[in-house]
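For reference, my_file-v7.txt is printed below; it contains compact mmCIF, C-alpha atoms and all ligand atoms.
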# COMPACT_ATOMS: atom_id res chain seq x y z
CA MET A 1 145.08 -60.36 49.10
CA SER A 2 144.00 -59.87 52.64
CA GLY A 3 141.87 -61.29 55.41
CA VAL A 4 138.78 -59.58 56.76
CA ARG A 5 137.68 -59.24 60.34
CA CYS A 6 134.34 -57.87 61.49
CA THR A 7 133.94 -57.17 65.18
CA HIS A 8 130.47 -56.67 66.64
CA ILE A 9 129.07 -54.85 63.61
CA THR A 10 125.65 -53.35 64.11
CA LYS A 11 123.83 -51.37 61.42
CA VAL A 12 120.13 -50.95 61.99
CA TYR A 13 117.93 -48.82 59.73
CA PRO A 14 115.23 -46.62 61.31
CA GLU A 15 112.57 -49.15 60.24
CA GLY A 16 114.37 -51.85 62.24
CA GLY A 17 116.01 -53.92 59.49
CA GLY A 18 119.77 -54.44 59.29
CA ILE A 19 122.43 -56.47 61.07
CA ARG A 20 123.13 -56.79 64.78
CA ASP A 21 126.36 -57.65 66.59
CA PHE A 22 127.93 -59.49 63.66
CA SER A 23 131.48 -60.80 64.08
CA CYS A 24 133.55 -62.97 61.78
CA GLU A 25 137.14 -63.63 60.84
CA ILE A 26 137.78 -64.43 57.18
CA GLY A 27 141.17 -65.83 56.19
CA ASP A 28 143.41 -64.77 53.34
CA GLY A 29 142.16 -66.45 50.15
CA GLU A 30 139.07 -67.86 51.84
CA VAL A 31 135.65 -67.95 50.19
CA PHE A 32 133.15 -66.99 52.88
CA ALA A 33 129.38 -66.98 52.31
CA PHE A 34 126.63 -64.96 53.96
CA LEU A 35 123.59 -67.23 53.73
CA GLY A 36 120.06 -66.44 54.83
CA PRO A 37 116.54 -65.63 53.69
CA SER A 38 115.58 -62.42 51.91
CA GLY A 39 115.79 -59.37 54.17
CA CYS A 40 118.02 -61.00 56.81
CA GLY A 41 120.79 -58.40 56.46
CA LYS A 42 123.27 -59.92 54.01
CA THR A 43 123.57 -56.91 51.68
CA THR A 44 123.69 -54.52 54.65
CA THR A 45 126.66 -56.42 56.12
CA LEU A 46 128.44 -56.53 52.75
CA ARG A 47 127.91 -52.79 52.26
CA VAL A 48 129.41 -52.11 55.69
CA ILE A 49 132.46 -54.19 54.74
CA ALA A 50 132.74 -52.34 51.40
CA GLY A 51 132.49 -49.00 53.20
CA LEU A 52 129.27 -48.02 51.42
CA GLU A 53 127.42 -48.03 54.72
CA GLU A 54 128.70 -46.76 58.06
CA PRO A 55 128.06 -49.13 60.96
CA ASP A 56 126.31 -47.84 64.10
CA SER A 57 128.98 -49.68 66.06
CA GLY A 58 131.69 -52.27 65.54
CA SER A 59 134.70 -52.28 63.25
CA VAL A 60 135.94 -53.72 59.98
CA LEU A 61 139.58 -54.75 59.64
CA PHE A 62 141.43 -55.67 56.43
CA ASP A 63 144.62 -57.56 57.15
CA GLY A 64 144.55 -56.34 60.73
CA ARG A 65 144.17 -52.69 59.70
CA ASP A 66 141.06 -50.89 60.94
CA VAL A 67 139.30 -49.55 57.81
CA THR A 68 136.00 -48.60 59.46
CA ALA A 69 136.61 -44.90 58.76
CA VAL A 70 138.33 -45.44 55.39
CA PRO A 71 136.24 -44.47 52.32
CA PRO A 72 135.25 -47.31 49.96
CA GLU A 73 137.58 -46.30 47.10
CA ARG A 74 140.57 -46.59 49.45
CA ARG A 75 139.74 -50.05 50.80
CA ASN A 76 140.79 -51.98 47.69
CA ALA A 77 137.74 -54.17 47.90
CA ALA A 78 135.64 -54.59 44.75
CA MET A 79 131.94 -55.28 44.84
CA VAL A 80 129.76 -57.08 42.31
CA PHE A 81 126.25 -55.80 42.95
CA GLN A 82 123.04 -57.80 43.14
CA SER A 83 121.85 -56.05 39.93
CA TYR A 84 125.30 -56.02 38.16
CA ALA A 85 125.01 -52.19 37.90
CA LEU A 86 126.64 -52.13 34.46
CA PHE A 87 126.48 -48.95 32.39
CA PRO A 88 124.17 -49.70 29.44
CA HIS A 89 125.40 -46.74 27.36
CA LEU A 90 129.03 -47.88 27.55
CA ASN A 91 130.61 -50.76 25.67
CA ILE A 92 132.21 -53.72 27.44
CA PHE A 93 135.72 -52.22 27.36
CA ASP A 94 134.57 -48.99 28.98
CA ASN A 95 132.53 -50.85 31.58
CA VAL A 96 135.54 -52.91 32.64
CA ALA A 97 137.85 -49.86 32.48
CA PHE A 98 135.53 -47.83 34.70
CA GLY A 99 137.20 -48.53 38.04
CA LEU A 100 140.66 -48.05 36.54
CA ARG A 101 139.79 -44.63 35.15
CA ALA A 102 138.15 -43.69 38.45
CA ARG A 103 141.48 -44.53 40.09
CA LYS A 104 143.28 -42.36 37.53
CA MET A 105 145.33 -45.20 36.09
CA PRO A 106 147.56 -43.94 33.21
CA LYS A 107 145.92 -44.60 29.83
CA PRO A 108 148.53 -47.03 28.40
CA GLU A 109 148.08 -49.30 31.43
CA ILE A 110 144.32 -49.53 31.12
CA ALA A 111 143.99 -51.61 27.93
CA PRO A 112 146.18 -54.51 29.15
CA ARG A 113 144.32 -54.59 32.48
CA VAL A 114 140.95 -54.73 30.70
CA ALA A 115 142.24 -57.47 28.39
CA GLU A 116 143.50 -59.47 31.38
CA ALA A 117 140.18 -59.17 33.24
CA LEU A 118 138.13 -60.11 30.18
CA GLU A 119 140.34 -63.10 29.60
CA LEU A 120 139.81 -64.26 33.19
CA VAL A 121 136.04 -64.32 32.65
CA GLN A 122 136.40 -65.71 29.12
CA LEU A 123 134.96 -62.74 27.29
CA SER A 124 137.97 -61.69 25.22
CA GLY A 125 136.97 -60.19 21.88
CA LEU A 126 133.71 -58.65 23.09
CA GLU A 127 135.28 -55.28 24.04
CA LYS A 128 133.27 -53.27 21.51
CA ARG A 129 129.88 -54.84 22.23
CA ARG A 130 127.22 -52.97 24.12
CA VAL A 131 125.90 -54.31 27.42
CA THR A 132 122.44 -54.74 25.89
CA GLU A 133 123.91 -57.06 23.26
CA LEU A 134 125.03 -59.60 25.85
CA SER A 135 123.20 -62.43 27.57
CA GLY A 136 122.50 -62.27 31.32
CA GLY A 137 125.37 -64.65 32.04
CA GLN A 138 127.77 -62.60 29.93
CA GLN A 139 126.67 -59.40 31.68
CA GLN A 140 127.29 -61.08 35.00
CA ARG A 141 130.82 -61.91 33.88
CA VAL A 142 131.41 -58.33 32.70
CA ALA A 143 130.47 -57.16 36.19
CA LEU A 144 132.95 -59.65 37.60
CA ALA A 145 135.66 -58.50 35.15
CA ARG A 146 135.05 -54.89 36.16
CA ALA A 147 135.60 -55.87 39.79
CA LEU A 148 138.70 -57.98 39.06
CA ALA A 149 140.31 -55.33 36.81
CA VAL A 150 141.30 -53.15 39.77
CA HIS A 151 143.20 -56.08 41.32
CA PRO A 152 141.23 -55.92 44.56
CA ASP A 153 142.43 -57.54 47.77
CA ILE A 154 138.89 -58.60 48.54
CA LEU A 155 136.04 -59.50 46.22
CA LEU A 156 132.51 -58.84 47.50
CA LEU A 157 129.80 -60.66 45.56
CA ASP A 158 126.16 -59.87 46.25
CA GLU A 159 123.98 -62.67 44.82
CA PRO A 160 125.93 -62.43 41.56
CA LEU A 161 124.03 -65.30 39.94
CA SER A 162 120.51 -64.42 41.04
CA ASN A 163 119.35 -63.15 37.64
CA LEU A 164 120.39 -66.26 35.74
CA ASP A 165 118.34 -69.30 34.84
CA ALA A 166 119.12 -72.58 36.61
CA GLU A 167 121.40 -74.00 33.94
CA LEU A 168 123.43 -70.83 33.48
CA ARG A 169 123.56 -70.40 37.23
CA TYR A 170 125.19 -73.76 37.63
CA ALA A 171 127.67 -73.21 34.78
CA THR A 172 128.63 -69.73 35.98
CA ARG A 173 128.95 -70.98 39.55
CA THR A 174 131.49 -73.57 38.43
CA GLN A 175 133.42 -70.94 36.44
CA LEU A 176 133.40 -68.64 39.45
CA ALA A 177 134.82 -71.37 41.70
CA GLU A 178 137.59 -72.11 39.18
CA LEU A 179 138.36 -68.43 38.79
CA GLN A 180 138.58 -67.89 42.55
CA GLN A 181 140.98 -70.81 42.85
CA ARG A 182 143.14 -69.49 40.04
CA VAL A 183 143.31 -65.94 41.39
CA GLY A 184 143.32 -67.07 45.04
CA ILE A 185 141.43 -63.96 46.10
CA THR A 186 139.59 -63.51 49.42
CA ALA A 187 135.89 -63.49 48.57
CA ILE A 188 132.66 -62.86 50.42
CA TYR A 189 129.75 -64.40 48.61
CA VAL A 190 126.19 -63.38 49.50
CA THR A 191 123.36 -65.76 48.65
CA HIS A 192 119.98 -66.99 49.85
CA ASP A 193 120.61 -70.27 48.00
CA GLN A 194 121.78 -73.02 50.35
CA GLU A 195 123.13 -75.21 47.56
CA GLU A 196 125.19 -72.36 46.14
CA ALA A 197 126.72 -71.51 49.52
CA LEU A 198 127.54 -75.15 50.26
CA ALA A 199 129.14 -75.62 46.82
CA LEU A 200 131.24 -72.47 46.76
CA ALA A 201 132.23 -71.49 50.29
CA HIS A 202 134.94 -72.73 52.60
CA ARG A 203 132.86 -71.37 55.49
CA ILE A 204 129.36 -69.99 55.82
CA ALA A 205 127.66 -67.52 58.16
CA VAL A 206 123.96 -68.35 58.47
CA ILE A 207 121.98 -65.17 59.14
CA LYS A 208 118.32 -64.59 60.00
CA ASP A 209 116.55 -61.35 60.95
CA GLY A 210 119.83 -59.51 61.45
CA HIS A 211 121.33 -62.17 63.72
CA CYS A 212 124.12 -64.58 62.86
CA HIS A 213 123.06 -68.06 63.94
CA GLN A 214 126.20 -69.99 63.07
CA ILE A 215 129.55 -69.75 61.34
CA GLY A 216 131.01 -73.01 60.13
CA THR A 217 132.23 -75.18 57.28
CA PRO A 218 129.56 -76.66 54.99
CA ASP A 219 129.93 -79.93 56.89
CA GLU A 220 129.46 -78.25 60.28
CA ILE A 221 126.47 -76.22 59.12
CA LEU A 222 124.83 -79.34 57.70
CA ASN A 223 125.66 -81.83 60.40
CA GLN A 224 126.07 -79.78 63.57
CA PRO A 225 123.45 -77.02 63.25
CA ALA A 226 123.85 -74.55 66.12
CA THR A 227 120.19 -73.47 66.27
CA PRO A 228 116.79 -74.88 65.21
CA PHE A 229 116.70 -72.28 62.41
CA VAL A 230 119.96 -73.55 60.88
CA GLU A 231 118.65 -77.08 61.15
CA THR A 232 115.42 -76.38 59.28
CA PHE A 233 116.99 -73.94 56.80
CA LEU A 234 119.37 -76.66 55.62
CA GLU A 235 117.07 -79.64 56.02
CA ARG A 236 116.48 -80.14 52.31
CA GLN A 237 120.22 -80.07 51.52
CA ARG A 238 120.91 -82.50 54.34
CA LYS A 239 118.39 -84.96 52.90
CA LEU A 240 119.76 -84.54 49.38
CA MET A 241 123.29 -85.21 50.61
CA ALA A 242 122.13 -88.22 52.60
CA ARG A 243 120.67 -89.59 49.36
CA GLY A 244 124.01 -88.90 47.66
CA GLY A 245 122.44 -86.15 45.50
N1 LIG B 1 118.55 -48.23 52.91
C1 LIG B 1 117.67 -48.86 53.69
N2 LIG B 1 116.81 -48.17 54.47
C2 LIG B 1 115.94 -48.81 55.30
N3 LIG B 1 115.85 -50.13 55.44
C3 LIG B 1 116.68 -50.89 54.69
C4 LIG B 1 117.64 -50.29 53.79
N4 LIG B 1 118.33 -51.29 53.20
C5 LIG B 1 117.83 -52.45 53.70
N5 LIG B 1 116.84 -52.21 54.61
C6 LIG B 1 116.11 -53.22 55.37
O1 LIG B 1 117.04 -53.95 56.18
C7 LIG B 1 116.76 -55.34 56.13
C8 LIG B 1 117.95 -56.09 55.58
O2 LIG B 1 118.13 -55.72 54.23
P1 LIG B 1 119.26 -56.37 53.31
O3 LIG B 1 119.21 -55.68 52.01
O4 LIG B 1 120.55 -56.35 54.06
O5 LIG B 1 118.73 -57.87 53.19
P2 LIG B 1 119.28 -59.09 52.32
O6 LIG B 1 119.59 -60.19 53.27
O7 LIG B 1 120.36 -58.64 51.44
O8 LIG B 1 117.99 -59.51 51.47
P3 LIG B 1 117.85 -60.04 49.93
O9 LIG B 1 118.20 -61.48 49.95
O10 LIG B 1 116.41 -59.82 49.63
O11 LIG B 1 118.75 -59.20 49.08
C9 LIG B 1 115.49 -55.49 55.31
O12 LIG B 1 114.41 -55.55 56.21
C10 LIG B 1 115.44 -54.22 54.48
O13 LIG B 1 114.13 -53.86 54.19
MG MG B 2 120.52 -58.42 49.36

Could you express the structure from this file as structure tokens?
Ligand SMILES: Nc1ncnc2c1ncn2[C@@H]1O[C@H](COP(=O)(O)OP(=O)(O)OP(=O)(O)O)[C@@H](O)[C@H]1O
Ligand SMILES: [Mg+2]
Amino acid sequence: MSGVRCTHITKVYPEGGGIRDFSCEIGDGEVFAFLGPSGCGKTTTLRVIAGLEEPDSGSVLFDGRDVTAVPPERRNAAMVFQSYALFPHLNIFDNVAFGLRARKMPKPEIAPRVAEALELVQLSGLEKRRVTELSGGQQQRVALARALAVHPDILLLDEPLSNLDAELRYATRTQLAELQQRVGITAIYVTHDQEEALALAHRIAVIKDGHCHQIGTPDEILNQPATPFVETFLERQRKLMARGG
């Protein structure tokens, strides 16, 4: 496990989108959400933290160590992508084993790791199935198992529930919260869904058009909005909470 610190990260694409001057300090074992409308820069920031994107300026630190120049495979962070990015031609076992083989883990150690990860996401017994034979929610959990199998210090989740219907979304969200508590892993959770961020995260960064408007606990974001945008973006949730919903 480790904490994450971002200091003044800027990554702007030639067309002008991206993230500007983003700083945050995420504690060991904390669930931290990036919340904001589509195109605000959430994925960009997550990719910089994962090492998949090089920032124009600023640094990323894991447990106090500057990893800005460290390649992604040596950061021990695991990312669950917005689209799952599972391999449809591989079965579930091989999908989950992918990161372990990429890290050249000795063969006899791979099977127990895969079993452990599948058990965590409650998919034991489905090792031989193909990805196409699973439901969306099960595929989402395979993607999560693949990330957990490498025993990452930091789990990066990019809208991991966005392809699920409302009911499954809610159920999977609850499972994810339980899993995080059990494993105690530091997690960054990207979402445009206010309710999801408020339910899952210890703290939230509210981002719009590449700018971070506020970092705070769900209670602070709801009740002490730092900018008019934060106030309006969370207005519906505030009303729902006031009604006890
Ligand atoms: N590789 C790229 N090249 C050029 N522009 C990009 C690239 N990736 C993202 N952008 C632009 O940067 C901005 C931020 O994109 P980003 O993917 O970080 O948004 P997001 O907050 O994750 O949105 P969503 O909720 O839709 O996933 C957008 O305007 C997007 O069009
Ligand atoms: Mg995105």

(request) Using all atoms listed in the file, determine which residues lie at most 10 Å from range 171-174 of chain A, disregarding the query and same-chain residues fewer than 3 positions distant; provide the list as an MDAnalysis selection string. (result) chainID A and resid 121 137:138 140:141 160:161 164 166:168 177:180 196 199:200

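Among the candidates A:Leu35, A:Ile9, A:Leu120, A:Ala205, the one nearest to ligand LIG 1 (chain B) when counting all atoms listed in the file is A:Leu35.
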
(message) I want to know what sits within 6 Å of Asn76 in chain A, based on all atoms listed in the file, with residues of the same chain fewer than 2 positions away left out; could you give that as a ChimeraX atom specification?
(response) /A:74,152-153

Selected residues written out with C-alpha atoms, as a PDB file, keeping the file's coordinate frame:
ATOM      1  CA  ARG A  74     140.570 -46.590  49.450  1.00  0.00           C
ATOM      2  CA  PRO A 152     141.230 -55.920  44.560  1.00  0.00           C
ATOM      3  CA  ASP A 153     142.430 -57.540  47.770  1.00  0.00           C
TER       4      ASP A 153
END

(request) Would you mind telling me which residue in A:Met79, A:Cys6, A:Met241, A:Cys212 lies nearest to Ala147 in chain A when using only C-alpha atoms? (result)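 Under the stated criterion, the closest residue is A:Met79.
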
(request) Point out the residue among A:Leu157, A:Ile221, A:Cys40, A:Ala33 with the least atom-to-atom distance to ligand LIG 1 (chain B), counting only C-alpha atoms and all ligand atoms. (result)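 Going through A:Leu157, A:Ile221, A:Cys40, A:Ala33 one by one, the smallest distance to ligand LIG 1 (chain B) is for A:Cys40.
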
Which residues of chain A come within 7 Å of ligand MG 2 (chain B), and what is each one's closest atom pair and distance in Å (one decimal), counting only C-alpha atoms and all ligand atoms, sorted by chain and residue number, as CSV?
residue,atom,partner,partner_atom,distance
A:Ser38,CA,B:MG2,MG,6.8
A:Gly39,CA,B:MG2,MG,6.8
A:Lys42,CA,B:MG2,MG,5.6
A:Thr43,CA,B:MG2,MG,4.1
A:Gln82,CA,B:MG2,MG,6.7
A:Asp158,CA,B:MG2,MG,6.6

(request) May I ask for the distance between CA of Glu25 in chain A and CA of Ser59 in chain A, given in Å to one decimal place? (result) 11.9 Å

(message) Just want the residues within 10 Å of ligand LIG 1 (chain B), written as a ChimeraX atom specification, counting all atoms listed in the file.
(response) /A:11-19,34-48,53,82,158-159,162,190-193,207-210

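For the residues A:Thr217, A:Asn163, A:Gln194, A:Thr186, ranking by smallest atom-to-atom distance to Phe233 in chain A using all atoms listed in the file places A:Gln194 first.
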
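If you look at CA of Leu118 in chain A and CA of Ala145 in chain A, they are 5.8 Å away from each other.
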
Using the structure block above, produce a file of range 46-57 of chain A that contains C-alpha atoms, as a short mmCIF file (atom, residue, chain, number, x, y, z; two decimals), in the first residue's frame.
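Just written: selection.cif:
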data_model
loop_
_atom_site.label_atom_id
_atom_site.label_comp_id
_atom_site.auth_asym_id
_atom_site.auth_seq_id
_atom_site.Cartn_x
_atom_site.Cartn_y
_atom_site.Cartn_z
CA LEU A 46 -5.43 9.12 -13.87
CA ARG A 47 -3.23 8.23 -16.85
CA VAL A 48 -0.56 10.64 -15.61
CA ILE A 49 -0.66 8.95 -12.19
CA ALA A 50 -0.46 5.50 -13.84
CA GLY A 51 2.50 6.65 -15.94
CA LEU A 52 0.66 6.12 -19.23
CA GLU A 53 0.86 9.83 -19.96
CA GLU A 54 3.80 12.13 -19.28
CA PRO A 55 2.84 15.41 -17.63
CA ASP A 56 3.97 18.72 -19.19
CA SER A 57 4.94 19.77 -15.68
#
